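S.K.: Got query.cif for you, mmCIF, C-alpha atoms:
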data_upload
loop_
_atom_site.label_atom_id
_atom_site.label_comp_id
_atom_site.auth_asym_id
_atom_site.auth_seq_id
_atom_site.Cartn_x
_atom_site.Cartn_y
_atom_site.Cartn_z
CA MET A 1 -53.77 36.65 18.87
CA VAL A 2 -56.92 34.74 17.90
CA PRO A 3 -56.84 31.51 19.94
CA ILE A 4 -56.35 28.12 18.35
CA GLY A 5 -57.02 25.75 21.19
CA GLU A 6 -55.58 27.31 24.35
CA ARG A 7 -52.96 29.53 22.67
CA PRO A 8 -52.94 32.33 20.06
CA ILE A 9 -52.24 31.35 16.47
CA LEU A 10 -49.06 33.45 16.76
CA TRP A 11 -47.83 31.10 19.49
CA HIS A 12 -48.53 28.07 17.27
CA LEU A 13 -46.42 29.58 14.49
CA MET A 14 -43.56 30.31 16.88
CA LYS A 15 -43.73 26.81 18.37
CA TYR A 16 -43.58 25.40 14.84
CA TYR A 17 -40.41 27.32 13.97
CA SER A 18 -38.94 26.45 17.36
CA HIS A 19 -39.53 22.76 16.65
CA TRP A 20 -37.12 23.15 13.72
CA GLY A 21 -34.52 24.83 15.92
CA HIS A 22 -35.29 28.50 15.26
CA ASN A 23 -35.81 30.43 18.50
CA ASP A 24 -35.03 34.07 17.61
CA PHE A 25 -38.15 36.02 16.70
CA VAL A 26 -38.94 39.58 15.65
CA LEU A 27 -42.62 40.50 15.91
CA CYS A 28 -43.75 43.45 13.79
CA LEU A 29 -46.24 45.12 16.11
CA GLY A 30 -49.12 47.30 15.02
CA HIS A 31 -52.75 46.30 15.53
CA LEU A 32 -53.16 44.70 18.98
CA GLY A 33 -49.53 45.51 19.71
CA ASP A 34 -50.28 46.13 23.39
CA VAL A 35 -52.00 42.75 23.67
CA ILE A 36 -49.00 40.99 22.13
CA ARG A 37 -46.60 42.88 24.41
CA ASP A 38 -48.61 41.91 27.46
CA PHE A 39 -48.70 38.26 26.39
CA PHE A 40 -44.92 37.99 26.15
CA LEU A 41 -43.98 40.33 29.02
CA ASN A 42 -46.23 38.22 31.26
CA TYR A 43 -45.66 34.95 29.45
CA ASP A 44 -45.28 32.80 32.56
CA VAL A 45 -48.55 34.08 33.98
CA HIS A 46 -50.40 33.59 30.70
CA THR A 47 -49.15 30.04 30.11
CA GLN A 48 -48.69 28.45 33.56
CA ASP A 49 -50.59 27.72 36.73
CA VAL A 50 -49.66 30.26 39.40
CA THR A 51 -50.36 30.77 43.09
CA VAL A 52 -50.61 34.39 44.25
CA THR A 53 -50.03 35.35 47.88
CA LEU A 54 -51.66 38.75 48.44
CA GLY A 55 -50.59 41.48 50.84
CA GLN A 56 -47.74 43.98 51.15
CA GLN A 57 -45.21 41.34 50.15
CA LYS A 58 -47.20 39.90 47.28
CA GLN A 59 -45.65 36.73 45.92
CA VAL A 60 -46.31 34.78 42.74
CA ARG A 61 -45.30 31.13 42.62
CA HIS A 62 -45.32 29.27 39.32
CA ASN A 63 -46.72 25.79 39.69
CA SER A 64 -45.66 24.47 36.31
CA GLN A 65 -42.99 24.97 33.65
CA HIS A 66 -42.90 25.64 29.94
CA THR A 67 -40.36 24.73 27.24
CA GLU A 68 -39.92 28.16 25.65
CA THR A 69 -36.99 29.24 27.79
CA ARG A 70 -34.70 29.55 24.73
CA TRP A 71 -36.94 31.97 22.88
CA HIS A 72 -35.63 35.48 22.18
CA VAL A 73 -38.53 37.70 21.16
CA ALA A 74 -38.01 41.25 19.88
CA LEU A 75 -41.22 43.25 20.16
CA ALA A 76 -40.75 45.85 17.42
CA GLU A 77 -43.27 48.66 17.04
CA THR A 78 -43.71 49.14 13.28
CA GLY A 79 -46.76 51.42 13.22
CA LEU A 80 -50.48 50.96 13.61
CA ASP A 81 -51.35 51.49 9.95
CA THR A 82 -48.11 50.36 8.30
CA MET A 83 -48.48 47.82 5.49
CA THR A 84 -46.43 44.64 5.15
CA GLY A 85 -43.51 46.04 3.14
CA GLY A 86 -42.99 48.98 5.48
CA ARG A 87 -43.11 46.67 8.50
CA VAL A 88 -40.36 44.43 7.15
CA LYS A 89 -38.16 47.43 6.34
CA ARG A 90 -38.59 48.78 9.87
CA ILE A 91 -37.17 45.63 11.49
CA GLN A 92 -34.04 45.62 9.32
CA LYS A 93 -31.80 46.46 12.29
CA TYR A 94 -32.87 43.27 14.05
CA VAL A 95 -31.74 40.99 11.22
CA ALA A 96 -28.89 43.10 9.75
CA ALA A 97 -26.24 40.63 10.93
CA ASP A 98 -27.89 37.69 9.14
CA ASP A 99 -27.30 36.80 5.51
CA HIS A 100 -30.71 35.10 5.42
CA PHE A 101 -33.84 35.34 7.52
CA MET A 102 -37.32 33.82 7.48
CA LEU A 103 -40.53 35.76 7.21
CA THR A 104 -44.16 34.77 7.67
CA TYR A 105 -47.61 36.15 8.37
CA GLY A 106 -49.56 35.50 11.55
CA ASP A 107 -52.64 33.89 10.03
CA GLY A 108 -51.69 30.58 8.43
CA LEU A 109 -50.48 27.18 9.64
CA GLY A 110 -48.82 24.38 7.71
CA THR A 111 -46.46 21.42 7.78
CA ILE A 112 -43.70 22.89 5.63
CA ASP A 113 -40.33 21.24 6.26
CA ILE A 114 -38.32 24.27 7.40
CA HIS A 115 -34.96 22.50 6.99
CA LYS A 116 -35.73 21.67 3.36
CA LEU A 117 -37.17 25.13 2.74
CA VAL A 118 -33.99 26.86 3.95
CA ALA A 119 -31.72 24.42 2.11
CA PHE A 120 -33.65 25.03 -1.12
CA HIS A 121 -33.35 28.78 -0.63
CA LYS A 122 -29.61 28.73 -0.03
CA ALA A 123 -29.02 26.40 -2.98
CA HIS A 124 -30.66 28.53 -5.69
CA GLY A 125 -28.98 31.82 -4.67
CA LYS A 126 -31.94 34.13 -5.39
CA ILE A 127 -33.11 36.84 -3.00
CA LEU A 128 -36.54 35.49 -2.11
CA THR A 129 -38.12 32.07 -1.71
CA VAL A 130 -41.90 31.78 -1.57
CA SER A 131 -43.61 28.65 -0.31
CA GLY A 132 -46.13 27.61 -2.93
CA VAL A 133 -49.07 25.71 -1.44
CA ARG A 134 -52.31 24.18 -2.64
CA PRO A 135 -55.16 26.40 -1.42
CA PRO A 136 -57.91 24.59 0.49
CA SER A 137 -61.28 24.47 -1.17
CA ARG A 138 -64.00 26.66 0.33
CA PHE A 139 -66.51 23.91 -0.35
CA GLY A 140 -66.80 20.24 0.47
CA GLU A 141 -65.71 17.79 -2.21
CA LEU A 142 -67.98 14.92 -3.23
CA ARG A 143 -66.60 11.84 -4.93
CA MET A 144 -69.02 9.37 -6.46
CA ASN A 145 -69.17 6.34 -8.71
CA ALA A 146 -70.89 6.14 -12.10
CA LYS A 147 -74.26 5.50 -10.46
CA GLY A 148 -74.05 8.60 -8.29
CA LEU A 149 -73.26 6.74 -5.07
CA VAL A 150 -71.05 8.93 -2.87
CA THR A 151 -67.74 7.20 -2.17
CA ALA A 152 -66.00 10.01 -0.26
CA PHE A 153 -66.81 13.37 1.29
CA ASN A 154 -63.95 15.70 2.18
CA GLU A 155 -64.88 18.80 4.14
CA LYS A 156 -61.83 20.87 3.17
CA PRO A 157 -59.76 19.17 0.46
CA GLN A 158 -56.81 20.97 -1.06
CA VAL A 159 -57.11 22.20 -4.62
CA SER A 160 -55.15 19.92 -6.95
CA GLU A 161 -54.36 22.60 -9.56
CA GLY A 162 -52.49 25.87 -9.07
CA ARG A 163 -50.60 27.31 -6.13
CA ILE A 164 -50.70 30.36 -3.92
CA SER A 165 -48.20 31.86 -1.50
CA GLY A 166 -48.37 30.06 1.83
CA GLY A 167 -46.63 32.90 3.65
CA PHE A 168 -43.51 30.97 4.66
CA PHE A 169 -40.72 33.03 3.05
CA VAL A 170 -36.94 32.92 3.21
CA CYS A 171 -35.07 36.12 2.31
CA ARG A 172 -31.51 37.14 1.63
CA LYS A 173 -30.65 40.43 3.30
CA ASP A 174 -30.55 41.96 -0.20
CA ILE A 175 -34.34 42.09 0.08
CA PHE A 176 -33.98 45.43 1.88
CA LYS A 177 -32.79 47.04 -1.35
CA TYR A 178 -36.34 46.57 -2.60
CA LEU A 179 -38.01 48.01 0.52
CA ASN A 180 -38.47 51.45 2.04
CA ASN A 181 -40.07 52.98 5.13
CA ARG A 182 -43.27 54.09 3.42
CA ALA A 183 -46.23 53.15 5.59
CA ASP A 184 -48.28 52.23 2.50
CA LEU A 185 -45.66 49.88 1.02
CA VAL A 186 -47.27 46.48 0.47
CA PHE A 187 -44.67 43.68 0.39
CA GLU A 188 -46.71 41.61 -2.08
CA GLN A 189 -47.00 44.46 -4.60
CA GLU A 190 -44.06 46.71 -5.59
CA PRO A 191 -41.25 44.79 -3.83
CA ILE A 192 -42.18 41.32 -5.01
CA GLN A 193 -43.14 42.56 -8.48
CA HIS A 194 -39.71 44.15 -8.82
CA LEU A 195 -38.04 40.99 -7.53
CA VAL A 196 -39.94 38.95 -10.11
CA ARG A 197 -38.87 41.42 -12.81
CA ASP A 198 -35.26 40.91 -11.73
CA LYS A 199 -35.67 37.11 -11.71
CA GLN A 200 -34.99 36.93 -7.97
CA VAL A 201 -37.95 34.86 -6.74
CA MET A 202 -38.14 31.06 -6.50
CA VAL A 203 -40.97 28.81 -5.32
CA TYR A 204 -40.58 26.00 -2.83
CA LYS A 205 -43.39 23.55 -3.59
CA HIS A 206 -45.23 22.23 -0.56
CA GLU A 207 -47.70 19.40 -1.09
CA GLY A 208 -48.74 18.83 2.52
CA PHE A 209 -51.12 20.51 4.94
CA TRP A 210 -51.61 24.25 4.82
CA GLN A 211 -54.55 26.23 6.17
CA PRO A 212 -55.14 29.98 6.48
CA MET A 213 -57.36 31.54 9.12
CA ASP A 214 -59.16 34.19 7.08
CA THR A 215 -62.74 33.51 8.13
CA TYR A 216 -64.77 32.31 11.08
CA ARG A 217 -65.20 29.02 9.22
CA ASP A 218 -61.40 28.64 9.10
CA TYR A 219 -61.24 29.42 12.83
CA LEU A 220 -63.76 26.65 13.58
CA TYR A 221 -61.92 24.22 11.30
CA LEU A 222 -58.51 24.76 12.93
CA ASN A 223 -59.95 24.57 16.42
CA GLY A 224 -61.81 21.43 15.43
CA LEU A 225 -58.54 19.78 14.39
CA ILE A 226 -57.10 20.47 17.84
CA GLU A 227 -60.22 19.20 19.59
CA LYS A 228 -59.95 15.95 17.63
CA ASN A 229 -56.19 15.75 18.28
CA GLN A 230 -55.60 15.91 14.52
CA ALA A 231 -53.59 19.15 14.23
CA PRO A 232 -50.76 18.17 11.83
CA TRP A 233 -48.65 21.28 12.49
CA MET A 234 -48.24 20.47 16.20
CA LEU A 235 -45.06 18.45 15.68
CA TRP A 236 -43.78 19.36 19.15
CA LYS A 237 -46.39 17.22 20.92
#
Using the file provided, produce a representation of the structure as structure tokens.
M.R.:
Amino acid sequence: MVPIGERPILWHLMKYYSHWGHNDFVLCLGHLGDVIRDFFLNYDVHTQDVTVTLGQQKQVRHNSQHTETRWHVALAETGLDTMTGGRVKRIQKYVAADDHFMLTYGDGLGTIDIHKLVAFHKAHGKILTVSGVRPPSRFGELRMNAKGLVTAFNEKPQVSEGRISGGFFVCRKDIFKYLNNRADLVFEQEPIQHLVRDKQVMVYKHEGFWQPMDTYRDYLYLNGLIEKNQAPWMLWK
């Protein structure tokens, strides 16, 4: 729920998926669950201008409209201290009818082509697809000529070697065979290790923008992109 611009980062992620035509969401609630519930149960009030007439017959008139009327949001309580693997297992009933579903964290934004990601996943037939991204450097990059004259300075370039998980997953429903309800089950440990052992994990390579929000510096960077109208993930604008 940390704000990026005027909306929580969670909202930005949901808007991004919605841009690609995906409007059914399951939120695994735990920490700040009440805040997330309030945001969506009172979504119109949180996102629109309203006029309130006070008194016995209190009235609320919405003075603007939003474009999220097609969203279906399941607010699933998965436990305050439950780790990532346990959370995914506990929302199985919400996706049981789907052969495939997408999964992501709430702390990273990117420009991954969701259509191509899903098509890649369905084509290879494995259980799990991980989006492999270039991690951004924690330090500025200097480029210079032979005389030491700086020719370019990039505040947050992406690393050109190696990849990490960008958090945009696609799963076959067989993933639940590798999960259980244990509160301490970490998705990135036992489940994915066992999937790798069984040769059931493929990487979708993403070369474009990707940025986590792990630190206050990341928070300032993402908000700065919005302030400069240079937020590449905001395809809906």
S.K.: For a test of reading the model, state the distance in Å between CA of Met102 (chain A) and CA of Leu235 (chain A), rounded to one decimal.
M.R.: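 Separation of CA of Met102 (chain A) and CA of Leu235 (chain A): 19.1 Å.
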S.K.: Report as a compact mmCIF listing (two decimals) with C-alpha atoms, keeping the file's coordinate frame the residues that result from applying the PyMOL selection byres ((chain A and resi 49-53) around 6) to the structure here.
M.R.:
# COMPACT_ATOMS: atom_id res chain seq x y z
CA GLN A 48 -48.69 28.45 33.56
CA LEU A 54 -51.66 38.75 48.44
CA LYS A 58 -47.20 39.90 47.28
CA GLN A 59 -45.65 36.73 45.92
CA VAL A 60 -46.31 34.78 42.74
CA ARG A 61 -45.30 31.13 42.62
CA HIS A 62 -45.32 29.27 39.32
CA ASN A 63 -46.72 25.79 39.69
CA SER A 64 -45.66 24.47 36.31
S.K.: Compare A:Asp38, A:Asp113, A:Asp174, A:Glu207 by their minimum atom-to-atom distance to Ile127 (chain A), counting all atoms listed in the file, and give me the closest one.
M.R.: A:Asp174
S.K.: I'd like the neighbourhood of Ala96 (chain A) as a PyMOL selection string, where a residue qualifies if any of its atoms comes within 12 Å (using all atoms listed in the file), though same-chain residues fewer than 2 positions away should be ignored.
M.R.: chain A and resi 88-94+98-101+171-176
S.K.: Give me the residues near region 129-135 of chain A as an NGL selection string, where near means some atom within 7 Å (using only C-alpha atoms) and where sequence neighbours in that chain fewer than 4 positions away do not count.
M.R.: :A and (121 or 158-160 or 162-171 or 201-207 or 210)
S.K.: Quick one: pull the distance between CA of Met1 (chain A) and CA of Val35 (chain A), Å, one decimal.
M.R.: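 Computing it gives 8.0 Å between the two atoms.
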S.K.: Tell me, in Å to one decimal, how far CA of Leu128 (chain A) is from CA of Gly30 (chain A).
M.R.: 24.3 Å
S.K.: Given only C-alpha atoms as the basis, pick out the residue of A:Gln230, A:Thr67, A:Ser18, A:Thr78 nearest to Arg182 (chain A).
M.R.: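 The answer is A:Thr78, which sits nearest to Arg182 (chain A).
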S.K.: If we count all atoms listed in the file, what is near Gly106 (chain A) at a cut-off of 10 Å, once residues fewer than 5 positions away on the same chain are taken out, given as JSON, numbers by chain?
M.R.: {"A": [1, 2, 8, 9, 10, 11, 12, 13, 14, 27, 167, 212, 213]}
S.K.: Hey, can you spit out that residue selection with C-alpha atoms as a short mmCIF file (atom, residue, chain, number, x, y, z; two decimals), keeping the file's coordinate frame?
M.R.:
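Result file selection.cif:
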data_model
loop_
_atom_site.label_atom_id
_atom_site.label_comp_id
_atom_site.auth_asym_id
_atom_site.auth_seq_id
_atom_site.Cartn_x
_atom_site.Cartn_y
_atom_site.Cartn_z
CA MET A 1 -53.77 36.65 18.87
CA VAL A 2 -56.92 34.74 17.90
CA PRO A 8 -52.94 32.33 20.06
CA ILE A 9 -52.24 31.35 16.47
CA LEU A 10 -49.06 33.45 16.76
CA TRP A 11 -47.83 31.10 19.49
CA HIS A 12 -48.53 28.07 17.27
CA LEU A 13 -46.42 29.58 14.49
CA MET A 14 -43.56 30.31 16.88
CA LEU A 27 -42.62 40.50 15.91
CA GLY A 167 -46.63 32.90 3.65
CA PRO A 212 -55.14 29.98 6.48
CA MET A 213 -57.36 31.54 9.12
#
S.K.: Which residues, named as in the file, does the PyMOL selection byres ((chain A and resi 109) around 6) pick out? Answer as a ChimeraX atom specification.
M.R.: /A:108,110,210-211
S.K.: Quick one: of A:Leu103, A:Phe40, A:Leu222, A:Arg197, who's nearest to Gly85 (chain A), counting all atoms listed in the file?
M.R.: A:Leu103
S.K.: Region 182-197 of chain A, all listed atoms, 3 Å padding on each side: what axis-aligned box centre and edge lengths in Å to one decimal come out, as JSON?
M.R.:
{"center_x": -43.2, "center_y": 46.5, "center_z": -3.6, "size_x": 16.2, "size_y": 21.1, "size_z": 24.4}
S.K.: Distance cut-off 8 Å, centre (-41.3, 43.2, 20.8) in file coordinates, counting only C-alpha atoms: which residues qualify? Return them as a PDB file with C-alpha atoms, in the frame of the given file.
M.R.:
ATOM      1  CA  VAL A  26     -38.940  39.580  15.650  1.00  0.00           C
ATOM      2  CA  LEU A  27     -42.620  40.500  15.910  1.00  0.00           C
ATOM      3  CA  CYS A  28     -43.750  43.450  13.790  1.00  0.00           C
ATOM      4  CA  LEU A  29     -46.240  45.120  16.110  1.00  0.00           C
ATOM      5  CA  ARG A  37     -46.600  42.880  24.410  1.00  0.00           C
ATOM      6  CA  VAL A  73     -38.530  37.700  21.160  1.00  0.00           C
ATOM      7  CA  ALA A  74     -38.010  41.250  19.880  1.00  0.00           C
ATOM      8  CA  LEU A  75     -41.220  43.250  20.160  1.00  0.00           C
ATOM      9  CA  ALA A  76     -40.750  45.850  17.420  1.00  0.00           C
ATOM     10  CA  GLU A  77     -43.270  48.660  17.040  1.00  0.00           C
TER      11      GLU A  77
END
